[in-house]
Every structure is written in C-alpha cells, then in structure tokens.
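What's in model_24.csv: CSV, C-alpha atoms
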chain,number,residue,atom,x,y,z
A,210,MET,CA,19.9,-10.7,15.2
A,211,ASP,CA,16.5,-9.6,16.3
A,212,GLU,CA,13.6,-11.8,15.5
A,213,PRO,CA,11.4,-10.2,12.7
A,214,ALA,CA,8.0,-9.1,13.9
A,215,ILE,CA,6.4,-10.9,11.0
A,216,ARG,CA,7.8,-14.0,9.2
A,217,VAL,CA,6.0,-15.7,6.3
A,218,THR,CA,7.6,-18.8,4.8
A,219,ASP,CA,6.2,-20.6,1.7
A,220,LEU,CA,2.6,-19.7,2.6
A,221,HIS,CA,0.0,-21.5,0.6
A,222,ARG,CA,-3.8,-20.9,1.0
A,223,GLY,CA,-6.4,-22.7,-1.1
A,224,TYR,CA,-10.1,-22.8,-1.4
A,225,GLY,CA,-11.1,-26.1,-3.0
A,226,ASP,CA,-9.2,-26.3,-6.3
A,227,PHE,CA,-8.3,-22.6,-6.3
A,228,GLU,CA,-5.0,-21.6,-4.7
A,229,ALA,CA,-5.3,-18.0,-3.7
A,230,VAL,CA,-1.7,-17.8,-2.3
A,231,ALA,CA,0.9,-20.0,-3.9
A,232,GLY,CA,4.1,-20.0,-2.0
A,233,VAL,CA,4.7,-16.5,-0.5
A,234,SER,CA,7.6,-15.7,1.7
A,235,PHE,CA,8.7,-12.4,3.3
A,236,GLU,CA,9.8,-10.9,6.6
A,237,VAL,CA,9.0,-7.6,8.3
A,238,GLY,CA,11.4,-6.2,10.9
A,239,ALA,CA,10.4,-4.6,14.2
A,240,GLY,CA,9.6,-1.0,13.7
A,241,GLU,CA,9.4,-1.3,9.9
A,242,LEU,CA,6.5,-0.3,7.6
A,243,PHE,CA,6.0,-2.9,4.9
A,244,ALA,CA,3.6,-2.4,2.1
A,245,LEU,CA,1.9,-5.5,0.6
A,246,LEU,CA,0.6,-4.5,-2.8
A,247,GLY,CA,-1.1,-6.5,-5.6
A,248,THR,CA,-3.4,-6.6,-8.5
A,249,ASN,CA,-7.0,-7.6,-8.0
A,250,GLY,CA,-7.2,-11.3,-7.0
A,251,ALA,CA,-3.4,-11.4,-6.3
A,252,GLY,CA,-3.9,-13.0,-2.9
A,253,LYS,CA,-2.9,-10.0,-0.7
A,254,THR,CA,-6.2,-10.0,1.3
A,255,THR,CA,-5.9,-13.7,1.9
A,256,THR,CA,-2.3,-13.3,3.1
A,257,LEU,CA,-3.4,-10.4,5.4
A,258,GLU,CA,-6.2,-12.4,6.9
A,259,THR,CA,-3.9,-15.3,7.6
A,260,LEU,CA,-1.5,-13.0,9.4
A,261,GLU,CA,-4.3,-11.5,11.4
A,262,GLY,CA,-5.4,-15.0,12.5
A,263,PHE,CA,-8.7,-15.1,10.8
A,264,GLN,CA,-7.8,-18.2,8.9
A,265,ALA,CA,-5.2,-20.9,8.9
A,266,ALA,CA,-2.5,-21.5,6.3
A,267,SER,CA,-3.1,-24.6,4.0
A,268,SER,CA,0.7,-25.1,4.2
A,269,GLY,CA,3.8,-23.1,5.1
A,270,THR,CA,4.4,-21.1,8.2
A,271,VAL,CA,3.2,-17.7,9.4
A,272,ARG,CA,4.6,-16.1,12.6
A,273,VAL,CA,3.6,-12.8,14.2
A,274,LEU,CA,5.8,-11.8,17.1
A,275,GLY,CA,7.0,-15.4,17.2
A,276,HIS,CA,3.6,-17.0,17.3
A,277,ASP,CA,1.2,-18.7,15.0
A,278,PRO,CA,-1.6,-16.1,14.8
A,279,TYR,CA,-4.3,-18.6,14.2
A,280,ARG,CA,-3.4,-21.4,16.7
A,281,GLU,CA,-2.0,-19.1,19.3
A,282,ARG,CA,-4.5,-16.3,19.0
A,283,ARG,CA,-4.6,-15.5,22.7
A,284,ALA,CA,-0.9,-14.8,22.7
A,285,VAL,CA,-1.0,-12.6,19.5
A,286,ARG,CA,-4.3,-10.8,19.6
A,287,PRO,CA,-3.6,-8.4,22.6
A,288,GLN,CA,-0.4,-7.3,20.8
A,289,ILE,CA,-1.8,-6.4,17.4
A,290,GLY,CA,-4.1,-3.7,16.0
A,291,ILE,CA,-6.2,-4.3,13.0
A,292,MET,CA,-7.8,-1.7,10.8
A,293,LEU,CA,-10.1,-3.5,8.4
A,294,GLN,CA,-11.4,-2.1,5.1
A,295,GLU,CA,-14.8,-1.5,6.7
A,296,GLY,CA,-15.5,-1.1,10.4
A,297,GLY,CA,-18.8,-1.7,12.1
A,298,PHE,CA,-20.0,1.0,14.5
A,299,PHE,CA,-23.2,1.8,16.5
A,300,ALA,CA,-24.4,4.8,14.5
A,301,ASP,CA,-26.1,6.5,17.4
A,302,LEU,CA,-23.1,6.5,19.8
A,303,THR,CA,-20.9,9.5,19.8
A,304,VAL,CA,-17.2,9.2,18.8
A,305,ALA,CA,-16.2,9.5,22.5
A,306,GLU,CA,-18.7,6.8,23.5
A,307,THR,CA,-17.5,4.5,20.8
A,308,VAL,CA,-13.9,4.7,22.0
A,309,GLY,CA,-15.0,4.4,25.6
A,310,HIS,CA,-17.1,1.3,24.8
A,311,TRP,CA,-14.2,-0.3,22.9
A,312,ARG,CA,-11.8,0.4,25.8
A,313,GLY,CA,-13.7,-2.2,27.8
A,314,PHE,CA,-12.6,-4.9,25.4
A,315,THR,CA,-9.0,-3.9,25.3
A,316,ARG,CA,-6.1,-4.9,27.5
A,317,ARG,CA,-4.0,-1.9,28.7
A,318,PRO,CA,-5.9,0.7,26.5
A,319,ARG,CA,-4.8,4.2,25.9
A,320,GLY,CA,-6.9,6.9,27.5
A,321,ARG,CA,-10.0,8.0,25.6
A,322,ASP,CA,-8.8,11.6,25.1
A,323,GLU,CA,-5.3,10.4,24.1
A,324,THR,CA,-6.8,8.1,21.5
A,325,LEU,CA,-9.0,10.8,20.0
A,326,ALA,CA,-6.1,13.2,19.9
A,327,LEU,CA,-3.9,10.6,18.2
A,328,ALA,CA,-6.4,10.0,15.5
A,329,GLY,CA,-7.2,13.7,15.0
A,330,LEU,CA,-10.7,13.3,16.3
A,331,ALA,CA,-10.6,15.4,19.5
A,332,ASP,CA,-12.9,18.0,18.0
A,333,ARG,CA,-15.5,15.4,17.0
A,334,ALA,CA,-15.7,13.7,20.3
A,335,GLY,CA,-19.4,14.6,20.9
A,336,VAL,CA,-20.5,13.9,17.3
A,337,ARG,CA,-22.6,10.8,16.6
A,338,VAL,CA,-21.0,8.3,14.4
A,339,ARG,CA,-23.7,8.5,11.8
A,340,GLN,CA,-22.9,12.2,11.3
A,341,LEU,CA,-19.2,11.5,10.5
A,342,SER,CA,-17.9,11.7,6.9
A,343,GLY,CA,-16.5,8.6,5.3
A,344,GLY,CA,-12.9,9.8,6.0
A,345,GLN,CA,-13.7,10.6,9.6
A,346,LYS,CA,-15.1,7.1,10.1
A,347,ARG,CA,-11.8,5.7,8.7
A,348,ARG,CA,-10.0,7.9,11.3
A,349,LEU,CA,-12.2,6.3,14.0
A,350,ASP,CA,-11.2,2.9,12.7
A,351,LEU,CA,-7.6,3.9,13.0
A,352,ALA,CA,-8.2,5.2,16.6
A,353,LEU,CA,-9.6,1.8,17.6
A,354,ALA,CA,-6.8,-0.1,16.0
A,355,LEU,CA,-4.3,2.0,18.0
A,356,LEU,CA,-6.2,1.8,21.3
A,357,GLY,CA,-4.3,-1.2,22.7
A,358,ARG,CA,-0.8,0.2,22.0
A,359,PRO,CA,-0.1,-2.6,19.4
A,360,ARG,CA,3.3,-3.8,18.7
A,361,VAL,CA,2.1,-4.8,15.2
A,362,LEU,CA,-0.5,-2.8,13.3
A,363,PHE,CA,-2.3,-4.1,10.2
A,364,LEU,CA,-3.7,-1.3,8.0
A,365,ASP,CA,-6.1,-2.4,5.2
A,366,GLU,CA,-6.8,0.5,2.8
A,367,PRO,CA,-6.5,3.0,5.7
A,368,THR,CA,-7.2,6.2,3.7
A,369,ALA,CA,-10.0,5.0,1.4
A,370,GLY,CA,-12.7,7.6,1.2
A,371,MET,CA,-10.5,10.4,2.5
A,372,ASP,CA,-9.9,13.7,0.8
A,373,PRO,CA,-6.3,14.7,0.2
A,374,GLU,CA,-5.9,16.8,3.3
A,375,ALA,CA,-7.2,14.0,5.6
A,376,ARG,CA,-5.1,11.5,3.7
A,377,HIS,CA,-1.9,13.5,4.4
A,378,ALA,CA,-2.9,14.0,8.1
A,379,THR,CA,-3.4,10.2,8.4
A,380,TRP,CA,0.1,9.6,6.8
A,381,ARG,CA,1.6,11.8,9.5
A,382,ILE,CA,-0.2,9.7,12.2
A,383,VAL,CA,1.2,6.5,10.7
A,384,ARG,CA,4.7,7.9,10.5
A,385,ASP,CA,4.5,8.9,14.2
A,386,VAL,CA,3.3,5.4,15.1
A,387,VAL,CA,6.2,3.8,13.2
A,388,ALA,CA,8.7,6.2,14.8
A,389,GLY,CA,7.4,5.0,18.1
A,390,GLY,CA,8.5,1.5,17.3
A,391,THR,CA,5.3,-0.1,16.0
A,392,THR,CA,5.6,-2.5,13.1
A,393,VAL,CA,3.1,-1.7,10.3
A,394,LEU,CA,1.9,-4.0,7.5
A,395,LEU,CA,0.0,-1.8,5.0
A,396,THR,CA,-2.2,-2.8,2.0
A,397,THR,CA,-3.4,0.0,-0.2
A,398,HIS,CA,-4.5,0.8,-3.8
A,399,TYR,CA,-3.1,4.3,-3.4
A,400,LEU,CA,0.3,3.6,-4.8
A,401,GLU,CA,1.6,7.1,-3.8
A,402,GLU,CA,0.7,6.1,-0.2
A,403,ALA,CA,3.0,3.1,-0.4
A,404,GLU,CA,5.7,5.2,-2.1
A,405,ARG,CA,5.6,7.8,0.6
A,406,LEU,CA,5.3,5.6,3.7
A,407,ALA,CA,7.0,2.2,3.0
A,408,ASP,CA,10.4,1.2,4.1
A,409,ARG,CA,10.1,-2.0,1.9
A,410,LEU,CA,7.3,-3.5,-0.1
A,411,ALA,CA,6.3,-6.6,-2.0
A,412,MET,CA,4.0,-6.7,-5.0
A,413,MET,CA,1.9,-9.8,-5.5
A,414,HIS,CA,0.5,-11.2,-8.8
A,415,ARG,CA,-1.5,-14.4,-9.2
A,416,GLY,CA,-0.8,-15.7,-5.7
A,417,ARG,CA,3.0,-15.1,-5.8
A,418,ILE,CA,5.3,-12.2,-5.0
A,419,ALA,CA,6.4,-10.7,-8.3
A,420,LEU,CA,9.0,-8.4,-6.8
A,421,THR,CA,10.2,-7.0,-3.5
A,422,GLY,CA,12.6,-4.6,-2.0
A,423,THR,CA,12.9,-1.0,-0.9
A,424,VAL,CA,10.9,1.5,-2.9
A,425,ALA,CA,14.2,2.8,-4.4
A,426,ASP,CA,15.3,-0.7,-5.4
A,427,VAL,CA,12.0,-1.5,-7.0
A,428,LEU,CA,11.8,1.7,-9.0
A,429,ALA,CA,15.5,1.5,-10.0
A,430,GLY,CA,14.8,-1.7,-12.0
A,431,HIS,CA,12.1,-0.1,-14.1
A,432,GLY,CA,13.9,2.9,-15.6
A,433,ASP,CA,12.9,6.5,-16.2
A,434,ARG,CA,10.1,7.6,-18.5
A,435,ILE,CA,9.8,9.9,-21.4
A,436,VAL,CA,6.2,10.6,-22.4
A,437,PHE,CA,4.6,12.7,-25.1
A,438,THR,CA,1.6,12.8,-27.5
A,439,LEU,CA,2.3,11.3,-30.9
A,440,PRO,CA,2.3,14.1,-33.4
A,441,ALA,CA,-0.6,14.1,-35.8
A,442,ALA,CA,0.0,12.2,-39.1
A,443,LEU,CA,3.3,10.7,-37.8
A,444,PRO,CA,3.3,6.9,-37.9
A,445,ALA,CA,4.5,5.2,-34.8
A,446,ALA,CA,7.0,3.2,-36.9
A,447,ALA,CA,8.8,6.6,-37.6
A,448,LEU,CA,9.7,7.1,-34.0
A,449,PRO,CA,13.4,7.0,-33.3
A,450,PRO,CA,15.4,4.6,-31.1
A,451,LEU,CA,16.7,6.3,-28.0
A,452,PRO,CA,19.9,5.7,-26.0
A,453,GLY,CA,19.0,3.3,-23.2
A,454,GLY,CA,15.4,2.9,-24.4
A,455,GLY,CA,13.7,0.0,-25.9
A,456,PRO,CA,10.8,0.2,-28.4
A,457,PRO,CA,8.3,2.9,-27.3
A,458,GLY,CA,4.9,1.9,-26.0
A,459,ILE,CA,1.8,3.4,-27.5
A,460,THR,CA,-1.5,3.8,-25.7
A,461,VAL,CA,-4.6,5.5,-27.0
A,462,ASP,CA,-6.9,7.7,-24.9
A,463,GLY,CA,-9.3,10.5,-25.5
A,464,GLY,CA,-6.5,13.0,-26.2
A,465,GLY,CA,-4.8,10.9,-28.9
A,466,ALA,CA,-1.9,8.4,-28.9
A,467,VAL,CA,0.5,8.6,-26.1
A,468,VAL,CA,4.1,7.6,-26.6
A,469,THR,CA,6.1,6.2,-23.6
A,470,TYR,CA,9.9,5.3,-23.7
A,471,ALA,CA,11.3,3.4,-20.7
A,472,VAL,CA,14.9,4.5,-20.3
A,473,THR,CA,17.2,2.3,-18.2
A,474,GLY,CA,20.5,3.2,-16.7
A,475,ALA,CA,21.7,6.8,-16.2
A,476,ARG,CA,20.7,7.7,-19.8
A,477,LEU,CA,17.7,9.9,-19.4
A,478,GLN,CA,19.5,13.2,-20.3
A,479,HIS,CA,21.1,11.5,-23.4
A,480,ALA,CA,17.8,10.0,-24.5
A,481,LEU,CA,16.0,13.3,-24.0
A,482,HIS,CA,18.6,15.2,-26.0
A,483,ALA,CA,18.4,12.7,-28.8
A,484,LEU,CA,14.6,12.9,-28.9
A,485,LEU,CA,14.6,16.7,-29.0
A,486,ARG,CA,17.2,16.9,-31.7
A,487,TRP,CA,15.2,14.4,-33.8
A,488,ALA,CA,12.1,16.5,-33.3
A,489,ASP,CA,13.8,19.8,-34.2
A,490,GLU,CA,15.2,18.3,-37.4
A,491,ARG,CA,11.7,17.5,-38.4
A,492,ASP,CA,10.1,20.6,-37.0
A,493,LEU,CA,7.8,18.5,-34.8
A,494,ALA,CA,6.1,19.7,-31.6
A,495,LEU,CA,6.0,17.1,-28.9
A,496,GLU,CA,2.9,18.0,-27.0
A,497,GLY,CA,2.7,17.0,-23.3
A,498,LEU,CA,6.4,16.1,-23.2
A,499,GLN,CA,7.4,14.8,-19.7
A,500,ALA,CA,10.7,13.2,-18.4
A,501,ARG,CA,10.3,11.6,-15.1
A,502,SER,CA,11.5,8.7,-12.9
A,503,ALA,CA,9.5,5.5,-12.8
A,504,SER,CA,6.7,5.4,-10.3
A,505,LEU,CA,5.1,2.6,-8.4
A,506,GLU,CA,2.1,3.0,-10.8
A,507,ASP,CA,4.4,2.1,-13.7
A,508,VAL,CA,5.7,-0.9,-11.8
A,509,PHE,CA,2.2,-2.0,-10.9
A,510,LEU,CA,1.0,-1.8,-14.4
A,511,ARG,CA,3.9,-3.8,-15.7
A,512,THR,CA,3.3,-6.4,-13.0
A,513,ALA,CA,-0.4,-6.6,-13.9
A,514,GLU,CA,0.6,-7.3,-17.5
A,515,GLY,CA,2.9,-10.1,-16.2
A,516,ALA,CA,6.1,-8.2,-17.3
A,517,ALA,CA,7.6,-8.4,-13.8
A,518,LEU,CA,7.1,-12.2,-13.5
How does the structure come out when it is put into structure tokens?
Amino acid sequence: MDEPAIRVTDLHRGYGDFEAVAGVSFEVGAGELFALLGTNGAGKTTTLETLEGFQAASSGTVRVLGHDPYRERRAVRPQIGIMLQEGGFFADLTVAETVGHWRGFTRRPRGRDETLALAGLADRAGVRVRQLSGGQKRRLDLALALLGRPRVLFLDEPTAGMDPEARHATWRIVRDVVAGGTTVLLTTHYLEEAERLADRLAMMHRGRIALTGTVADVLAGHGDRIVFTLPAALPAAALPPLPGGGPPGITVDGGGAVVTYAVTGARLQHALHALLRWADERDLALEGLQARSASLEDVFLRTAEGAAL
C-alpha cells in the first residue's frame, strides 16, 4: 500500500495550559484533496501550521511525504506549496516581476509565463501589485504556491475576497492541480467550496475531530431537510410528527419563525406527503416550503452546537 502523503497520529499542541489540538489523527492519500474544516478556535489553523513545519507538535507524530515537517524542513520544504491566508508582496512590483523574483528562491520553478497562465493572471502580468483587486492578489498567492511544482499543496482560505466568477475559476485551477497528482489540504469557511472540491474531509471542534469521511458519508448521517415558515397564530406545539423526522427545530429571524425537520433514512417523500396532507386538512399555507438534502452548513452548525460530538 502506498504511503499517505500526510499522516497525523494523535497530534497534541498546547500553549501553556491551553490545549489547542487535543489528539487529532487523519491521513491524506497521494493525489487526494482533503478539507480540514472547523468552528472558530477548533484548532485547524494550529494543525495546519504544524503540518507546514512552522511549529512542532507537543506530542504525537506528524509526517508529510514521510518526513517530520518541523525537524526535517530541508527535506520537506522544496516539495510543498503553501498559500497562507494573507501573503506579503512588494506593492510597486508588477505581477510578472513578483513571480520572477520568487523564482529565484524556488528549486525547479515553473516558467514565469506558465505560472501566470496557470493562475489566470497572464493578462495582468504588467500590472503593479497594488493595483490588483483582493481576489487577484489571492490568485497571485496561488501562483507562488504552485511555482515549485509541489507534491503537497496547503491552501488556507484560498478564495477569500473573490467574487463568484473568480471563485469558480480558482476551483477549476485546484481541480486541475489535483488531477495532475498533487495532494491538497484545504481549509476554508466557504462550505460549498469543500463540498464541491473535497474527496474527503474532517470537521474539528474544540481541538478534536468531530467527524470525518467522504462528503457523501458525512451528509448521509445528517438526513434530509424540510423547511418552511411557521404559519401565523399556529403554536409550535401543534406541528405534527413526521415519518423519519424527530421534533422540529424552530429558529426566529426577521421573516418570522422558521421550522426545520431533519428526516433520516429514505423517508423524505413520505414525510413531505404527510406534512402537505396535514396542512391541507387545516387549510394552512406553508410559506417558503423547501425539501432538500442536508448540506455541509447543516453539519457545521450541528457540530458547532456540539451535536456531532
């Protein structure tokens, strides 16, 4: 069996009395895109920085391409690419000059023009960095992370600040990189991004992994959703039980009270039929009625509430 590109075993990382990472284990196979998600303060950034070699584990083992990324940095660093949340550029250099300058620090770099084309920046080559939009600067960050033809690529919030068109273009670039055999570890707050790109994912909460698996596996355990606005003057206690559904959740926003049923198993059609029949018998209009599969946002919110632990 091939050695995984990334292996994390019982990783602990503490700062004084605070343990940011409390026993995390996962593997990422070669050529796989793995999304590491988590609530604020969950420990994903600390985990990522340990994998990138910026800090050592307090205990446990971390291996990237078979090496300890902190103690064997010289062996690891030329083989990885890192796209941080914020990059630092010389504002008065052009995009082409920035890539050319960075090539001098990179072993076996791609050509300048190839790198710009890969990141979709060929038409911005002569533009000064300070004139780039926030999304274009993120594309320049990605270009530099890909410059050394990395075997493992770390992407930390790669599409932050991008408009939808630029975000989808960046997703295409990442898919092409993975198709070329590069292993990618992604962290993102755009849950749709993880849902679209990831082969597998792990979701962290309070320093531990709350759940892990393929996107399909993770979503399958959280059921389908039926959502609608609670009819005026109808008490929540009057809502019916549904086949495959537990007690409904009620949330209040500016548009009124929103009812959400989580329906497990292959019961969505039966549950929806029962709900509509109940509403017809009472001559009730269910405004905003939606029936949909669970999303990563649903899973994330349940994890944040501790329901997945």
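Note that the spacing between CA of Arg348 in chain A and CA of Gly309 in chain A amounts to 15.5 Å.
The point (-3.3, -16.6, 16.9) has these residues within 12 Å of it, counting only C-alpha atoms: A:Glu258, A:Thr259, A:Leu260, A:Glu261, A:Gly262, A:Phe263, A:Gln264, A:Ala265, A:Ala266, A:Val271, A:Arg272, A:Val273, A:Leu274, A:Gly275, A:His276, A:Asp277, A:Pro278, A:Tyr279, A:Arg280, A:Glu281, A:Arg282, A:Arg283, A:Ala284, A:Val285, A:Arg286, A:Pro287, A:Gln288, A:Ile289.
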Keeping only C-alpha atoms, write the selected residues as a CSV table (one decimal), keeping the file's coordinate frame.
chain,number,residue,atom,x,y,z
A,258,GLU,CA,-6.2,-12.4,6.9
A,259,THR,CA,-3.9,-15.3,7.6
A,260,LEU,CA,-1.5,-13.0,9.4
A,261,GLU,CA,-4.3,-11.5,11.4
A,262,GLY,CA,-5.4,-15.0,12.5
A,263,PHE,CA,-8.7,-15.1,10.8
A,264,GLN,CA,-7.8,-18.2,8.9
A,265,ALA,CA,-5.2,-20.9,8.9
A,266,ALA,CA,-2.5,-21.5,6.3
A,271,VAL,CA,3.2,-17.7,9.4
A,272,ARG,CA,4.6,-16.1,12.6
A,273,VAL,CA,3.6,-12.8,14.2
A,274,LEU,CA,5.8,-11.8,17.1
A,275,GLY,CA,7.0,-15.4,17.2
A,276,HIS,CA,3.6,-17.0,17.3
A,277,ASP,CA,1.2,-18.7,15.0
A,278,PRO,CA,-1.6,-16.1,14.8
A,279,TYR,CA,-4.3,-18.6,14.2
A,280,ARG,CA,-3.4,-21.4,16.7
A,281,GLU,CA,-2.0,-19.1,19.3
A,282,ARG,CA,-4.5,-16.3,19.0
A,283,ARG,CA,-4.6,-15.5,22.7
A,284,ALA,CA,-0.9,-14.8,22.7
A,285,VAL,CA,-1.0,-12.6,19.5
A,286,ARG,CA,-4.3,-10.8,19.6
A,287,PRO,CA,-3.6,-8.4,22.6
A,288,GLN,CA,-0.4,-7.3,20.8
A,289,ILE,CA,-1.8,-6.4,17.4
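The two atoms in question, CA of Ala388 in chain A and CA of Gly252 in chain A, are spaced 29.0 Å apart.
The gap separating CA of Val230 in chain A from CA of Ser267 in chain A is 9.4 Å, in Å to one decimal.
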Range 401-418 of chain A: which residues within 8 Å, counting all atoms listed in the file, same-chain residues fewer than 2 positions away excluded, as a PyMOL selection string? chain A and resi 228-234+241-248+250-253+380+384+395+397+399+420-424+505+509+512-513+515
Would you pick out the contacts of Val383 in chain A at 10 Å or less, using all atoms listed in the file, so that residues sharing its chain but fewer than 3 positions from it are not included, and give the list as a short mmCIF file (atom, residue, chain, number, x, y, z; two decimals) with C-alpha atoms, in the frame of the given file?
data_model
loop_
_atom_site.label_atom_id
_atom_site.label_comp_id
_atom_site.auth_asym_id
_atom_site.auth_seq_id
_atom_site.Cartn_x
_atom_site.Cartn_y
_atom_site.Cartn_z
CA LEU A 242 6.50 -0.30 7.60
CA LEU A 327 -3.90 10.60 18.20
CA ALA A 328 -6.40 10.00 15.50
CA LEU A 351 -7.60 3.90 13.00
CA LEU A 362 -0.50 -2.80 13.30
CA LEU A 364 -3.70 -1.30 8.00
CA PRO A 367 -6.50 3.00 5.70
CA HIS A 377 -1.90 13.50 4.40
CA ALA A 378 -2.90 14.00 8.10
CA THR A 379 -3.40 10.20 8.40
CA TRP A 380 0.10 9.60 6.80
CA VAL A 386 3.30 5.40 15.10
CA VAL A 387 6.20 3.80 13.20
CA ALA A 388 8.70 6.20 14.80
CA GLY A 389 7.40 5.00 18.10
CA THR A 391 5.30 -0.10 16.00
CA VAL A 393 3.10 -1.70 10.30
CA LEU A 406 5.30 5.60 3.70
#
